[in-house]
>>> print(open('protein.cif').read())   # mmCIF, C-alpha atoms
data_upload
#
loop_
_atom_site.label_atom_id
_atom_site.label_comp_id
_atom_site.auth_asym_id
_atom_site.auth_seq_id
_atom_site.Cartn_x
_atom_site.Cartn_y
_atom_site.Cartn_z
CA MET A 543 26.73 35.13 13.71
CA ASN A 544 24.66 33.36 16.35
CA GLY A 545 21.80 33.08 13.88
CA LEU A 546 24.08 31.42 11.32
CA LYS A 547 25.34 29.03 13.98
CA ILE A 548 21.79 28.06 14.88
CA HIS A 549 20.96 27.40 11.23
CA ILE A 550 24.06 25.23 10.81
CA VAL A 551 23.22 23.20 13.92
CA HIS A 552 19.63 22.89 12.69
CA LEU A 553 20.83 21.66 9.28
CA PHE A 554 23.20 19.08 10.74
CA THR A 555 20.56 17.86 13.21
CA TRP A 556 17.96 17.20 10.51
CA THR A 557 20.52 15.70 8.15
CA PHE A 558 21.52 13.33 10.94
CA ILE A 559 17.88 12.43 11.70
CA CYS A 560 17.11 11.80 8.01
CA THR A 561 20.25 9.72 7.55
CA ILE A 562 19.78 7.55 10.62
CA SER A 563 16.05 7.17 9.94
CA GLY A 564 16.69 6.23 6.33
CA ILE A 565 19.33 3.65 7.23
CA LEU A 566 17.26 2.11 10.05
CA ILE A 567 13.99 2.02 8.12
CA GLY A 568 15.67 0.87 4.91
CA SER A 569 17.40 -1.97 6.76
CA ILE A 570 14.25 -3.09 8.56
CA ALA A 571 12.33 -2.88 5.29
CA ALA A 572 14.95 -5.15 3.71
CA VAL A 573 14.46 -7.69 6.51
CA PHE A 574 10.71 -7.40 6.08
CA LEU A 575 10.80 -7.88 2.29
CA SER A 576 13.15 -10.87 2.62
CA SER A 577 10.89 -12.40 5.27
CA LEU A 578 7.80 -11.73 3.18
CA ASP A 579 9.40 -13.41 0.19
CA PHE A 580 10.32 -16.41 2.36
CA VAL A 581 6.84 -16.92 3.84
CA THR A 582 5.27 -16.49 0.40
CA GLN A 583 7.50 -19.14 -1.17
CA TRP A 584 6.96 -21.43 1.82
CA ARG A 585 3.18 -21.06 1.49
CA GLU A 586 3.30 -21.85 -2.22
CA THR A 587 5.05 -25.16 -1.51
CA HIS A 588 2.94 -25.97 1.58
CA LEU A 589 -0.55 -24.94 0.58
CA TRP A 590 -2.09 -26.80 3.50
CA ILE A 591 -1.16 -23.77 5.63
CA ILE A 592 -4.07 -21.89 4.04
CA TYR A 593 -6.50 -24.05 6.02
CA THR A 594 -5.02 -22.55 9.20
CA LEU A 595 -6.00 -19.00 8.19
CA PRO A 596 -8.83 -18.81 10.78
CA ILE A 597 -6.45 -19.84 13.59
CA ILE A 598 -3.81 -17.38 12.37
CA GLY A 599 -6.50 -14.72 12.28
CA LEU A 600 -7.49 -15.50 15.85
CA LEU A 601 -3.84 -15.18 16.96
CA ILE A 602 -3.52 -11.80 15.24
CA GLY A 603 -6.83 -10.65 16.70
CA VAL A 604 -5.94 -11.71 20.25
CA GLY A 605 -2.48 -10.15 20.02
CA TYR A 606 -3.74 -6.78 18.86
CA TYR A 607 -6.76 -6.78 21.18
CA TYR A 608 -4.87 -7.49 24.39
CA PHE A 609 -1.42 -6.07 23.64
CA GLY A 610 -1.60 -3.85 20.54
CA GLY A 611 -3.39 -0.85 22.00
CA LEU A 612 -3.61 2.07 19.58
CA ALA A 613 -1.42 0.21 17.07
CA ASN A 614 -4.55 -1.46 15.76
CA LYS A 615 -5.62 1.82 14.12
CA GLY A 616 -2.79 1.46 11.62
CA ASN A 617 -2.21 4.19 9.04
CA ASN A 618 -5.14 6.19 10.34
CA LEU A 619 -3.37 6.61 13.70
CA ILE A 620 -0.40 8.21 11.91
CA ILE A 621 -2.66 10.67 10.09
CA GLU A 622 -4.44 11.49 13.36
CA ALA A 623 -1.12 11.95 15.17
CA TYR A 624 0.02 14.39 12.50
CA HIS A 625 -3.03 16.60 13.02
CA SER A 626 -3.41 15.97 16.76
CA PRO A 627 0.11 15.86 18.23
CA GLN A 628 -1.16 14.72 21.64
CA LYS A 629 -1.89 11.33 20.09
CA LYS A 630 0.93 8.89 20.67
CA ILE A 631 2.30 6.39 18.19
CA PRO A 632 3.40 3.40 20.27
CA PHE A 633 6.70 1.87 19.19
CA ARG A 634 5.03 -1.53 19.46
CA MET A 635 3.25 -0.65 16.21
CA ALA A 636 6.41 -1.62 14.30
CA PRO A 637 6.87 -5.22 15.56
CA PHE A 638 3.13 -5.84 15.67
CA ILE A 639 2.51 -4.87 12.04
CA PHE A 640 5.70 -6.69 10.98
CA ILE A 641 4.63 -9.98 12.54
CA GLY A 642 0.93 -9.55 11.70
CA THR A 643 1.67 -9.00 8.02
CA LEU A 644 3.97 -12.01 7.76
CA LEU A 645 1.37 -14.23 9.44
CA THR A 646 -1.36 -12.91 7.14
CA HIS A 647 0.67 -13.72 4.04
CA LEU A 648 1.89 -17.04 5.41
CA ALA A 649 -1.68 -18.32 5.78
CA GLY A 650 -2.96 -16.91 2.48
CA GLY A 651 -4.62 -13.62 3.33
CA SER A 652 -5.06 -11.21 0.42
CA ALA A 653 -3.12 -8.13 1.53
CA GLY A 654 -0.27 -5.84 0.61
CA ARG A 655 2.79 -4.37 2.31
CA GLU A 656 2.45 -0.58 2.12
CA GLY A 657 0.65 -0.35 5.46
CA THR A 658 3.46 -2.30 7.09
CA ALA A 659 6.15 -0.06 5.64
CA VAL A 660 4.38 3.17 6.57
CA GLN A 661 3.58 2.06 10.11
CA MET A 662 7.07 0.72 10.79
CA GLY A 663 8.64 3.84 9.34
CA ALA A 664 6.48 6.25 11.33
CA ALA A 665 6.87 4.31 14.59
CA ILE A 666 10.66 4.18 14.25
CA ALA A 667 11.13 7.79 13.15
CA ASP A 668 8.83 9.09 15.87
CA GLN A 669 11.33 7.92 18.49
CA PHE A 670 13.51 10.89 17.53
CA THR A 671 10.77 13.16 18.90
CA LYS A 672 11.71 12.05 22.42
CA ILE A 673 15.44 11.83 21.84
CA PHE A 674 15.73 15.40 20.55
CA SER A 675 12.76 16.83 22.51
CA LEU A 676 11.20 18.08 19.30
CA GLN A 677 8.32 20.52 19.15
CA ILE A 678 4.91 19.93 17.51
CA ALA A 679 5.87 21.26 14.07
CA GLN A 680 9.09 19.26 14.12
CA ARG A 681 7.24 16.09 15.05
CA LYS A 682 5.13 16.52 11.93
CA THR A 683 8.33 16.54 9.91
CA ILE A 684 9.45 13.39 11.68
CA LEU A 685 6.25 11.55 10.71
CA ILE A 686 6.65 12.61 7.08
CA ILE A 687 10.23 11.32 7.14
CA GLY A 688 9.13 7.95 8.51
CA ILE A 689 6.32 7.48 6.00
CA SER A 690 8.52 8.53 3.10
CA ALA A 691 11.39 6.22 4.08
CA GLY A 692 9.11 3.22 4.60
CA PHE A 693 7.25 3.64 1.32
CA ALA A 694 10.45 4.23 -0.67
CA ALA A 695 12.26 1.23 0.78
CA VAL A 696 9.42 -1.19 0.06
CA PHE A 697 8.45 0.00 -3.43
CA GLY A 698 11.72 1.43 -4.73
CA THR A 699 10.15 4.74 -5.77
CA PRO A 700 11.75 7.46 -3.58
CA MET A 701 10.35 10.50 -5.40
CA ALA A 702 6.77 9.20 -5.25
CA ALA A 703 7.32 8.19 -1.63
CA ALA A 704 8.46 11.68 -0.64
CA ILE A 705 5.37 13.25 -2.20
CA PHE A 706 3.03 10.52 -0.92
CA ALA A 707 4.19 11.20 2.65
CA MET A 708 3.10 14.82 2.31
CA GLU A 709 0.05 14.31 0.11
CA ILE A 710 -1.52 11.77 2.46
CA MET A 711 -1.72 14.67 4.94
CA LEU A 712 -2.73 17.06 2.11
CA PHE A 713 -0.20 19.60 0.94
CA LYS A 714 -1.99 22.57 2.49
CA ASN A 715 -1.29 21.06 5.93
CA CYS A 716 2.42 20.64 5.20
CA LYS A 717 5.28 23.08 4.87
CA LEU A 718 7.02 22.91 1.49
CA ILE A 719 10.37 22.84 3.27
CA ASN A 720 9.41 19.36 4.56
CA LEU A 721 9.85 18.04 1.03
CA LEU A 722 13.63 18.21 1.46
CA PRO A 723 13.93 15.87 4.48
CA SER A 724 11.21 13.70 2.96
CA LEU A 725 13.26 13.27 -0.22
CA LEU A 726 16.52 12.75 1.67
CA SER A 727 15.16 10.04 3.96
CA ALA A 728 13.38 8.37 1.02
CA TYR A 729 16.53 8.10 -1.08
CA ILE A 730 18.66 6.94 1.85
CA ALA A 731 16.09 4.27 2.79
CA HIS A 732 15.77 3.20 -0.86
CA TYR A 733 19.51 2.77 -1.41
CA THR A 734 19.98 1.16 2.00
CA CYS A 735 17.38 -1.44 1.05
CA LEU A 736 19.14 -2.04 -2.28
CA ALA A 737 22.47 -2.34 -0.47
CA TRP A 738 21.05 -5.29 1.47
CA GLY A 739 20.46 -7.08 -1.83
CA ILE A 740 16.75 -6.42 -2.25
CA GLN A 741 15.56 -6.31 -5.86
CA HIS A 742 12.31 -4.61 -6.70
CA THR A 743 9.97 -5.90 -9.38
CA THR A 744 10.15 -4.01 -12.66
CA TYR A 745 7.26 -3.56 -15.07
CA THR A 746 7.77 -2.49 -18.66
CA ILE A 747 5.55 -1.00 -21.35
CA PRO A 748 7.30 -1.93 -24.62
CA PHE A 749 5.19 0.25 -26.93
CA ILE A 750 3.63 3.63 -26.22
CA PRO A 751 1.60 5.26 -29.04
CA PHE A 752 1.58 8.96 -29.84
CA PHE A 753 -0.94 10.91 -27.85
CA THR A 754 -3.60 11.99 -30.34
CA PHE A 755 -7.35 12.48 -30.33
CA SER A 756 -7.78 8.77 -31.20
CA THR A 757 -5.90 7.80 -28.02
CA PHE A 758 -7.27 10.65 -25.89
CA LEU A 759 -10.85 9.32 -25.76
CA PRO A 760 -10.01 5.72 -24.73
CA THR A 761 -7.59 7.14 -22.14
CA MET A 762 -10.42 9.17 -20.62
CA VAL A 763 -12.78 6.17 -20.66
CA ALA A 764 -10.15 3.99 -18.98
CA GLY A 765 -9.69 6.62 -16.27
CA VAL A 766 -13.40 6.49 -15.47
CA PHE A 767 -13.29 2.70 -15.08
CA PHE A 768 -10.20 2.90 -12.88
CA GLY A 769 -11.89 5.53 -10.71
CA MET A 770 -14.98 3.36 -10.34
CA ALA A 771 -12.78 0.45 -9.27
CA ALA A 772 -11.17 2.67 -6.63
CA TRP A 773 -14.61 3.78 -5.43
CA LEU A 774 -15.76 0.16 -5.21
CA PHE A 775 -12.64 -0.73 -3.21
CA SER A 776 -13.32 2.01 -0.65
CA SER A 777 -17.06 1.29 -0.52
CA LEU A 778 -16.64 -2.46 -0.04
CA SER A 779 -14.03 -1.86 2.66
CA GLU A 780 -16.54 0.27 4.53
CA LEU A 781 -19.31 -2.29 4.03
CA TRP A 782 -17.23 -5.22 5.32
CA LEU A 783 -15.99 -3.13 8.25
CA THR A 784 -19.56 -2.26 9.23
CA LEU A 785 -20.48 -5.95 9.16
CA PHE A 786 -17.45 -7.04 11.17
CA ASN A 787 -18.05 -4.32 13.76
CA LYS A 788 -21.24 -6.15 14.67
CA ILE A 789 -19.06 -8.93 16.10
CA LYS A 790 -18.50 -7.55 19.60
CA PHE A 791 -15.51 -9.67 20.58
CA VAL A 792 -12.87 -8.20 18.28
CA PRO A 793 -10.49 -11.23 18.06
CA LEU A 794 -13.32 -13.28 16.56
CA ARG A 795 -13.49 -11.02 13.53
CA PRO A 796 -10.37 -12.34 11.74
CA PHE A 797 -11.23 -15.87 12.89
CA ILE A 798 -14.66 -15.74 11.24
CA GLY A 799 -13.21 -13.82 8.32
CA GLY A 800 -10.57 -16.52 7.86
CA ILE A 801 -13.24 -19.22 7.66
CA VAL A 802 -15.10 -17.26 4.99
CA ILE A 803 -11.91 -16.68 2.98
CA VAL A 804 -10.92 -20.35 3.03
CA CYS A 805 -14.43 -21.37 1.95
CA SER A 806 -14.27 -18.77 -0.83
CA LEU A 807 -10.97 -20.13 -2.11
CA ILE A 808 -12.45 -23.64 -2.13
CA LEU A 809 -15.49 -22.36 -4.00
CA LEU A 810 -13.30 -20.56 -6.52
CA GLY A 811 -11.31 -23.76 -6.98
CA TYR A 812 -14.52 -25.65 -7.67
CA PHE A 813 -15.55 -23.28 -10.47
CA THR A 814 -12.03 -23.00 -11.96
CA LYS A 815 -11.29 -26.72 -11.57
CA LYS A 816 -8.15 -26.15 -9.48
CA THR A 817 -7.48 -28.63 -6.69
CA PHE A 818 -5.22 -29.16 -3.68
CA LEU A 819 -5.16 -32.26 -1.46
CA PHE A 820 -8.17 -33.62 -3.38
CA LEU A 821 -10.16 -30.50 -2.51
CA PRO A 822 -10.90 -27.59 -4.85
CA MET A 823 -8.66 -24.61 -4.05
CA ASN A 824 -7.79 -21.52 -6.10
CA THR A 825 -4.84 -19.52 -4.75
CA SER A 826 -4.53 -17.02 -7.62
CA PHE A 827 -5.92 -14.13 -5.59
CA ILE A 828 -4.11 -14.45 -2.27
CA GLY A 829 -0.96 -12.73 -1.02
CA LEU A 830 0.62 -9.91 -3.01
CA GLY A 831 -0.14 -11.44 -6.41
CA ILE A 832 2.98 -9.99 -8.06
CA PRO A 833 3.31 -12.79 -10.68
CA HIS A 834 -0.25 -12.06 -11.77
CA ILE A 835 0.53 -8.33 -12.02
CA ILE A 836 3.52 -9.14 -14.25
CA ASN A 837 1.34 -11.36 -16.45
CA SER A 838 -1.21 -8.58 -16.91
CA PHE A 839 1.45 -6.61 -18.81
CA LEU A 840 2.25 -9.57 -21.08
CA VAL A 841 -0.76 -11.80 -21.77
CA PRO A 842 -4.54 -11.70 -21.37
CA VAL A 843 -5.70 -12.61 -17.87
CA GLY A 844 -9.16 -13.32 -16.50
CA SER A 845 -11.76 -10.63 -17.15
CA TYR A 846 -12.98 -10.79 -13.55
CA ASP A 847 -9.62 -11.16 -11.82
CA PHE A 848 -9.61 -7.52 -10.72
CA LEU A 849 -13.02 -7.93 -9.09
CA LEU A 850 -12.13 -11.13 -7.25
CA LYS A 851 -8.92 -9.58 -5.91
CA LEU A 852 -10.85 -6.47 -4.88
CA ILE A 853 -13.43 -8.46 -2.94
CA LEU A 854 -10.89 -10.72 -1.22
CA THR A 855 -8.55 -7.87 -0.25
CA THR A 856 -11.22 -5.59 1.18
CA PHE A 857 -12.66 -8.53 3.10
CA THR A 858 -9.27 -9.67 4.40
CA LEU A 859 -8.22 -6.27 5.71
CA SER A 860 -11.65 -5.37 7.10
CA ALA A 861 -11.68 -8.65 9.03
CA GLY A 862 -8.56 -7.57 10.92
CA PHE A 863 -5.72 -9.21 9.00
CA LYS A 864 -2.65 -7.06 8.48
CA GLY A 865 -0.71 -5.73 5.52
CA GLY A 866 -1.61 -2.91 3.22
CA GLU A 867 -3.79 -1.88 0.32
CA VAL A 868 -1.34 -0.52 -2.25
CA THR A 869 0.02 -3.69 -3.91
CA PRO A 870 -3.53 -5.12 -4.18
CA LEU A 871 -4.57 -1.79 -5.73
CA PHE A 872 -1.74 -2.23 -8.25
CA TYR A 873 -3.03 -5.76 -8.93
CA ILE A 874 -6.62 -4.55 -9.35
CA GLY A 875 -5.63 -1.70 -11.64
CA ALA A 876 -3.28 -3.75 -13.82
CA THR A 877 -5.71 -6.63 -14.31
CA LEU A 878 -8.60 -4.23 -14.97
CA GLY A 879 -6.48 -2.46 -17.58
CA ASN A 880 -5.70 -5.86 -19.08
CA ALA A 881 -9.43 -6.64 -19.26
CA LEU A 882 -10.15 -3.29 -20.94
CA PHE A 883 -7.74 -4.19 -23.76
CA VAL A 884 -10.58 -6.05 -25.48
CA TRP A 885 -12.68 -2.87 -25.59
CA LEU A 886 -10.24 0.01 -25.86
CA PRO A 887 -7.77 0.59 -28.74
CA LEU A 888 -4.66 0.95 -26.61
CA PRO A 889 -1.74 -1.48 -26.05
CA MET A 890 -2.31 -4.08 -23.34
CA ALA A 891 0.81 -3.21 -21.35
CA LEU A 892 -0.02 0.50 -21.47
CA LEU A 893 -3.56 -0.11 -20.18
CA ALA A 894 -2.14 -2.31 -17.41
CA GLY A 895 0.34 0.40 -16.44
CA MET A 896 -2.33 3.10 -16.51
CA GLY A 897 -4.57 1.03 -14.24
CA PHE A 898 -1.64 0.12 -12.00
CA VAL A 899 -1.21 3.78 -11.09
CA ALA A 900 -4.72 5.21 -11.55
CA VAL A 901 -6.58 2.90 -9.16
CA PHE A 902 -3.97 3.77 -6.54
CA SER A 903 -4.67 7.45 -7.22
CA GLY A 904 -8.44 7.08 -6.90
CA ALA A 905 -8.29 5.03 -3.72
CA THR A 906 -5.61 6.97 -1.82
CA HIS A 907 -6.46 10.48 -3.06
CA CYS A 908 -2.74 10.97 -3.71
CA VAL A 909 -2.93 12.03 -7.34
CA VAL A 910 0.40 13.89 -7.50
CA ALA A 911 2.27 10.98 -5.94
CA SER A 912 0.50 8.66 -8.39
CA VAL A 913 1.66 10.63 -11.42
CA VAL A 914 5.23 10.71 -10.12
CA LEU A 915 4.98 6.98 -9.35
CA GLY A 916 3.99 6.40 -12.98
CA PHE A 917 7.00 8.37 -14.19
CA GLU A 918 9.37 6.45 -11.91
CA MET A 919 8.02 3.03 -12.87
CA PHE A 920 7.20 3.44 -16.56
CA GLY A 921 9.19 6.42 -17.78
CA PHE A 922 8.22 9.85 -19.05
CA GLU A 923 6.93 8.47 -22.37
CA ALA A 924 3.92 7.00 -20.58
CA GLY A 925 3.51 10.12 -18.47
CA ILE A 926 0.62 11.78 -20.28
CA PHE A 927 -1.43 8.56 -20.32
CA VAL A 928 -0.68 7.77 -16.68
CA GLY A 929 -1.22 11.35 -15.60
CA LEU A 930 -4.59 11.77 -17.29
CA THR A 931 -6.01 8.49 -16.00
CA SER A 932 -4.74 9.24 -12.49
CA ILE A 933 -6.48 12.62 -12.44
CA ILE A 934 -9.73 11.19 -13.84
CA ALA A 935 -9.64 8.24 -11.43
CA TYR A 936 -9.13 10.67 -8.57
CA PHE A 937 -12.35 12.51 -9.44
CA PHE A 938 -14.34 9.31 -10.00
CA GLY A 939 -12.88 7.51 -6.95
CA GLY A 940 -15.33 9.02 -4.49
CA ALA A 941 -14.85 11.36 -1.55
CA LYS A 942 -13.89 8.82 1.11
CA GLY A 943 -10.81 6.96 -0.04
CA ILE A 944 -9.15 4.19 1.94
CA TYR A 945 -7.84 6.38 4.78
CA SER A 946 -10.84 7.29 6.90
CA ALA A 947 -8.80 9.61 9.12
CA GLN A 948 -8.44 12.01 6.19
CA LEU A 949 -12.15 12.81 6.44
CA LYS A 950 -12.04 13.13 10.22
CA GLU A 951 -9.24 15.64 9.99
CA GLY A 952 -11.06 17.63 7.34
CA ILE A 953 -8.75 16.81 4.51
#
>>> encode(input="protein.cif", output="structure tokens")
Amino acid sequence: MNGLKIHIVHLFTWTFICTISGILIGSIAAVFLSSLDFVTQWRETHLWIIYTLPIIGLLIGVGYYYFGGLANKGNNLIIEAYHSPQKKIPFRMAPFIFIGTLLTHLAGGSAGREGTAVQMGAAIADQFTKIFSLQIAQRKTILIIGISAGFAAVFGTPMAAAIFAMEIMLFKNCKLINLLPSLLSAYIAHYTCLAWGIQHTTYTIPFIPFFTFSTFLPTMVAGVFFGMAAWLFSSLSELWLTLFNKIKFVPLRPFIGGIVIVCSLILLGYFTKKTFLFLPMNTSFIGLGIPHIINSFLVPVGSYDFLLKLILTTFTLSAGFKGGEVTPLFYIGATLGNALFVWLPLPMALLAGMGFVAVFSGATHCVVASVVLGFEMFGFEAGIFVGLTSIIAYFFGGAKGIYSAQLKEGI
């Protein structure tokens, strides 16, 4: 009888933690997404703000350097904390990444939002460790809950979020029972975010051919290209980071990086004949780039758009600006798939959707979450195409991936 009582108390405790975490993280994610939409629209109508990117970068750099502490390690700190429970996740990580991401997007940095969601979610959920005096194994569950809730609220894909939260740590290091609280917190955060009036972008693939030998070969070829793009993303990130690490005073890194980015946008404007305030300026590759992702499912886009976005994003994040990698990875994959339409006999929208998911798979090493993400976003009809390209991209994406802490922890 006492054993049953303990199990009931245990069940109610974790249900309470998942519910409160989901509501809190979903609500904060809604505020974040609304704020991100506001600063993006404001930037698009006040493009002069892009010229302040170096100053914004300096502010972010100074803030993190003097006050951020361990929060500057971002997603990698969460992975390290999962495997080394003595590592602390400071609560300040949540407001710092929130503000840093908004400033990055306001001034035209090329970044995403996944890192923000994951870091806010983990930092908020981890507070329950102290409140309930949780043990090491239970703290691991808490971190999975926070990651899952944050990812689900921002992207609107709770099933993929629940698996991503476990797969980023590698399944062999997680208990299968953790999938239940991960799913519960993800769905609660997702519906909480929707309840606040947030609408997630939808992408459609109007025509999906039968899977035959004639479609099998181009699917495999596309997967190789998507994997190579993921490998290039990880490799360039490492290269830029090595270069920026040579700048000893850390706050100067985003300042110098901001100057280079602004000059690059001016140079791109010169070659594409786009102007702003009588100066050449191309803003097609800054921010999230969601309109461009949508276009890649509908009409031909530039053949080199994926490469330009890849270079700008890796440079932006390596310089010390804040945000995430996932939405840029979606952008890179979708526009690369669009470019492959000229060479591969598959529908444009299908290739864009395959790339959307597969580059994410190759770069994050979360192949199961990627396949589920494809199902959630594009339906089961596209599943075999999305699944195959995700698996192939995973094998061709290289051993490192975008989360360096995975290698340090032996995963």
>>> resolve_selection(input="protein.cif", expression="the PyMOL selection byres ((chain A and resi 752-764) around 8)", output="list in words")
Ile750, Pro751, Gly765, Val766, Phe767, Phe768, Gly879, Leu882, Leu886, Pro887, Leu888, Leu893, Gly897, Ile926, Phe927, Leu930, Thr931 and Ile934 of chain A
>>> residues_around(input="protein.cif", residues="A:Ile684", least_positions_apart="2", cutoff="10 Å", atoms="all atoms listed in the file", output="list in words")
Trp556, Ile559, Cys560, Ser563, Tyr624, Gly663, Ala664, Ala665, Ile666, Ala667, Asp668, Gln669, Phe670, Thr671, Leu676, Ile678, Ala679, Gln680, Arg681, Lys682, Ile686, Ile687, Gly688, Ile689, Ser690, Asn720, Pro723 and Ser724 of chain A
>>> write_last_selection(input="protein.cif", atoms="C-alpha atoms", output="PDB file, in the coordinates of the input")
ATOM      1  CA  TRP A 556      17.960  17.200  10.510  1.00  0.00           C
ATOM      2  CA  ILE A 559      17.880  12.430  11.700  1.00  0.00           C
ATOM      3  CA  CYS A 560      17.110  11.800   8.010  1.00  0.00           C
ATOM      4  CA  SER A 563      16.050   7.170   9.940  1.00  0.00           C
ATOM      5  CA  TYR A 624       0.020  14.390  12.500  1.00  0.00           C
ATOM      6  CA  GLY A 663       8.640   3.840   9.340  1.00  0.00           C
ATOM      7  CA  ALA A 664       6.480   6.250  11.330  1.00  0.00           C
ATOM      8  CA  ALA A 665       6.870   4.310  14.590  1.00  0.00           C
ATOM      9  CA  ILE A 666      10.660   4.180  14.250  1.00  0.00           C
ATOM     10  CA  ALA A 667      11.130   7.790  13.150  1.00  0.00           C
ATOM     11  CA  ASP A 668       8.830   9.090  15.870  1.00  0.00           C
ATOM     12  CA  GLN A 669      11.330   7.920  18.490  1.00  0.00           C
ATOM     13  CA  PHE A 670      13.510  10.890  17.530  1.00  0.00           C
ATOM     14  CA  THR A 671      10.770  13.160  18.900  1.00  0.00           C
ATOM     15  CA  LEU A 676      11.200  18.080  19.300  1.00  0.00           C
ATOM     16  CA  ILE A 678       4.910  19.930  17.510  1.00  0.00           C
ATOM     17  CA  ALA A 679       5.870  21.260  14.070  1.00  0.00           C
ATOM     18  CA  GLN A 680       9.090  19.260  14.120  1.00  0.00           C
ATOM     19  CA  ARG A 681       7.240  16.090  15.050  1.00  0.00           C
ATOM     20  CA  LYS A 682       5.130  16.520  11.930  1.00  0.00           C
ATOM     21  CA  ILE A 686       6.650  12.610   7.080  1.00  0.00           C
ATOM     22  CA  ILE A 687      10.230  11.320   7.140  1.00  0.00           C
ATOM     23  CA  GLY A 688       9.130   7.950   8.510  1.00  0.00           C
ATOM     24  CA  ILE A 689       6.320   7.480   6.000  1.00  0.00           C
ATOM     25  CA  SER A 690       8.520   8.530   3.100  1.00  0.00           C
ATOM     26  CA  ASN A 720       9.410  19.360   4.560  1.00  0.00           C
ATOM     27  CA  PRO A 723      13.930  15.870   4.480  1.00  0.00           C
ATOM     28  CA  SER A 724      11.210  13.700   2.960  1.00  0.00           C
TER      29      SER A 724
END
>>> closest_residue(input="protein.cif", among="A:Gly866, A:Gly769, A:Pro842, A:Pro796", to="A:Gly939", atoms="only C-alpha atoms")
A:Gly769
>>> resolve_selection(input="protein.cif", expression="the PyMOL selection byres ((chain A and resi 901-915) around 8)", output="ChimeraX atom specification")
/A:699,701-703,705-706,709-710,768-769,771-773,775-776,868,871-872,874-875,897-900,916-919,925,928-929,932-933,935-940,943-945
>>> atom_distance(input="protein.cif", atom1="atom CA of A:Lys942", atom2="atom CA of A:Ser826")
28.8 Å
>>> residues_around(input="protein.cif", residues="A:Tyr846", least_positions_apart="3", cutoff="10 Å", atoms="only C-alpha atoms", output="tab-separated table (two decimals) with C-alpha atoms, in the coordinates of the input")
chain	number	residue	atom	x	y	z
A	843	VAL	CA	-5.70	-12.61	-17.87
A	849	LEU	CA	-13.02	-7.93	-9.09
A	850	LEU	CA	-12.13	-11.13	-7.25
A	851	LYS	CA	-8.92	-9.58	-5.91
A	852	LEU	CA	-10.85	-6.47	-4.88
A	874	ILE	CA	-6.62	-4.55	-9.35
A	877	THR	CA	-5.71	-6.63	-14.31
A	878	LEU	CA	-8.60	-4.23	-14.97
A	881	ALA	CA	-9.43	-6.64	-19.26
>>> build_atoms(input="protein.cif", residues="stretch 768-780 of chain A", atoms="N, CA and C atoms", output="PDB file, keeping the file's coordinate frame")
ATOM      1  N   PHE A 768     -11.152   3.047 -13.988  1.00  0.00           N
ATOM      2  CA  PHE A 768     -10.200   2.900 -12.880  1.00  0.00           C
ATOM      3  C   PHE A 768     -10.712   3.639 -11.638  1.00  0.00           C
ATOM      4  N   GLY A 769     -11.318   4.801 -11.832  1.00  0.00           N
ATOM      5  CA  GLY A 769     -11.890   5.530 -10.710  1.00  0.00           C
ATOM      6  C   GLY A 769     -13.031   4.773 -10.063  1.00  0.00           C
ATOM      7  N   MET A 770     -13.863   4.135 -10.879  1.00  0.00           N
ATOM      8  CA  MET A 770     -14.980   3.360 -10.340  1.00  0.00           C
ATOM      9  C   MET A 770     -14.473   2.159  -9.551  1.00  0.00           C
ATOM     10  N   ALA A 771     -13.368   1.562 -10.014  1.00  0.00           N
ATOM     11  CA  ALA A 771     -12.780   0.450  -9.270  1.00  0.00           C
ATOM     12  C   ALA A 771     -12.264   0.924  -7.914  1.00  0.00           C
ATOM     13  N   ALA A 772     -11.645   2.103  -7.897  1.00  0.00           N
ATOM     14  CA  ALA A 772     -11.170   2.670  -6.630  1.00  0.00           C
ATOM     15  C   ALA A 772     -12.329   2.959  -5.694  1.00  0.00           C
ATOM     16  N   TRP A 773     -13.419   3.504  -6.247  1.00  0.00           N
ATOM     17  CA  TRP A 773     -14.610   3.780  -5.430  1.00  0.00           C
ATOM     18  C   TRP A 773     -15.177   2.484  -4.859  1.00  0.00           C
ATOM     19  N   LEU A 774     -15.225   1.442  -5.674  1.00  0.00           N
ATOM     20  CA  LEU A 774     -15.760   0.160  -5.210  1.00  0.00           C
ATOM     21  C   LEU A 774     -14.876  -0.418  -4.107  1.00  0.00           C
ATOM     22  N   PHE A 775     -13.565  -0.247  -4.230  1.00  0.00           N
ATOM     23  CA  PHE A 775     -12.640  -0.730  -3.210  1.00  0.00           C
ATOM     24  C   PHE A 775     -12.939  -0.049  -1.869  1.00  0.00           C
ATOM     25  N   SER A 776     -13.056   1.262  -1.881  1.00  0.00           N
ATOM     26  CA  SER A 776     -13.320   2.010  -0.650  1.00  0.00           C
ATOM     27  C   SER A 776     -14.701   1.675  -0.085  1.00  0.00           C
ATOM     28  N   SER A 777     -15.685   1.556  -0.962  1.00  0.00           N
ATOM     29  CA  SER A 777     -17.060   1.290  -0.520  1.00  0.00           C
ATOM     30  C   SER A 777     -17.195  -0.104   0.079  1.00  0.00           C
ATOM     31  N   LEU A 778     -16.574  -1.097  -0.577  1.00  0.00           N
ATOM     32  CA  LEU A 778     -16.640  -2.460  -0.040  1.00  0.00           C
ATOM     33  C   LEU A 778     -15.899  -2.561   1.291  1.00  0.00           C
ATOM     34  N   SER A 779     -14.774  -1.862   1.389  1.00  0.00           N
ATOM     35  CA  SER A 779     -14.030  -1.860   2.660  1.00  0.00           C
ATOM     36  C   SER A 779     -14.912  -1.352   3.786  1.00  0.00           C
ATOM     37  N   GLU A 780     -15.645  -0.287   3.517  1.00  0.00           N
ATOM     38  CA  GLU A 780     -16.540   0.270   4.530  1.00  0.00           C
ATOM     39  C   GLU A 780     -17.680  -0.682   4.847  1.00  0.00           C
TER      40      GLU A 780
END
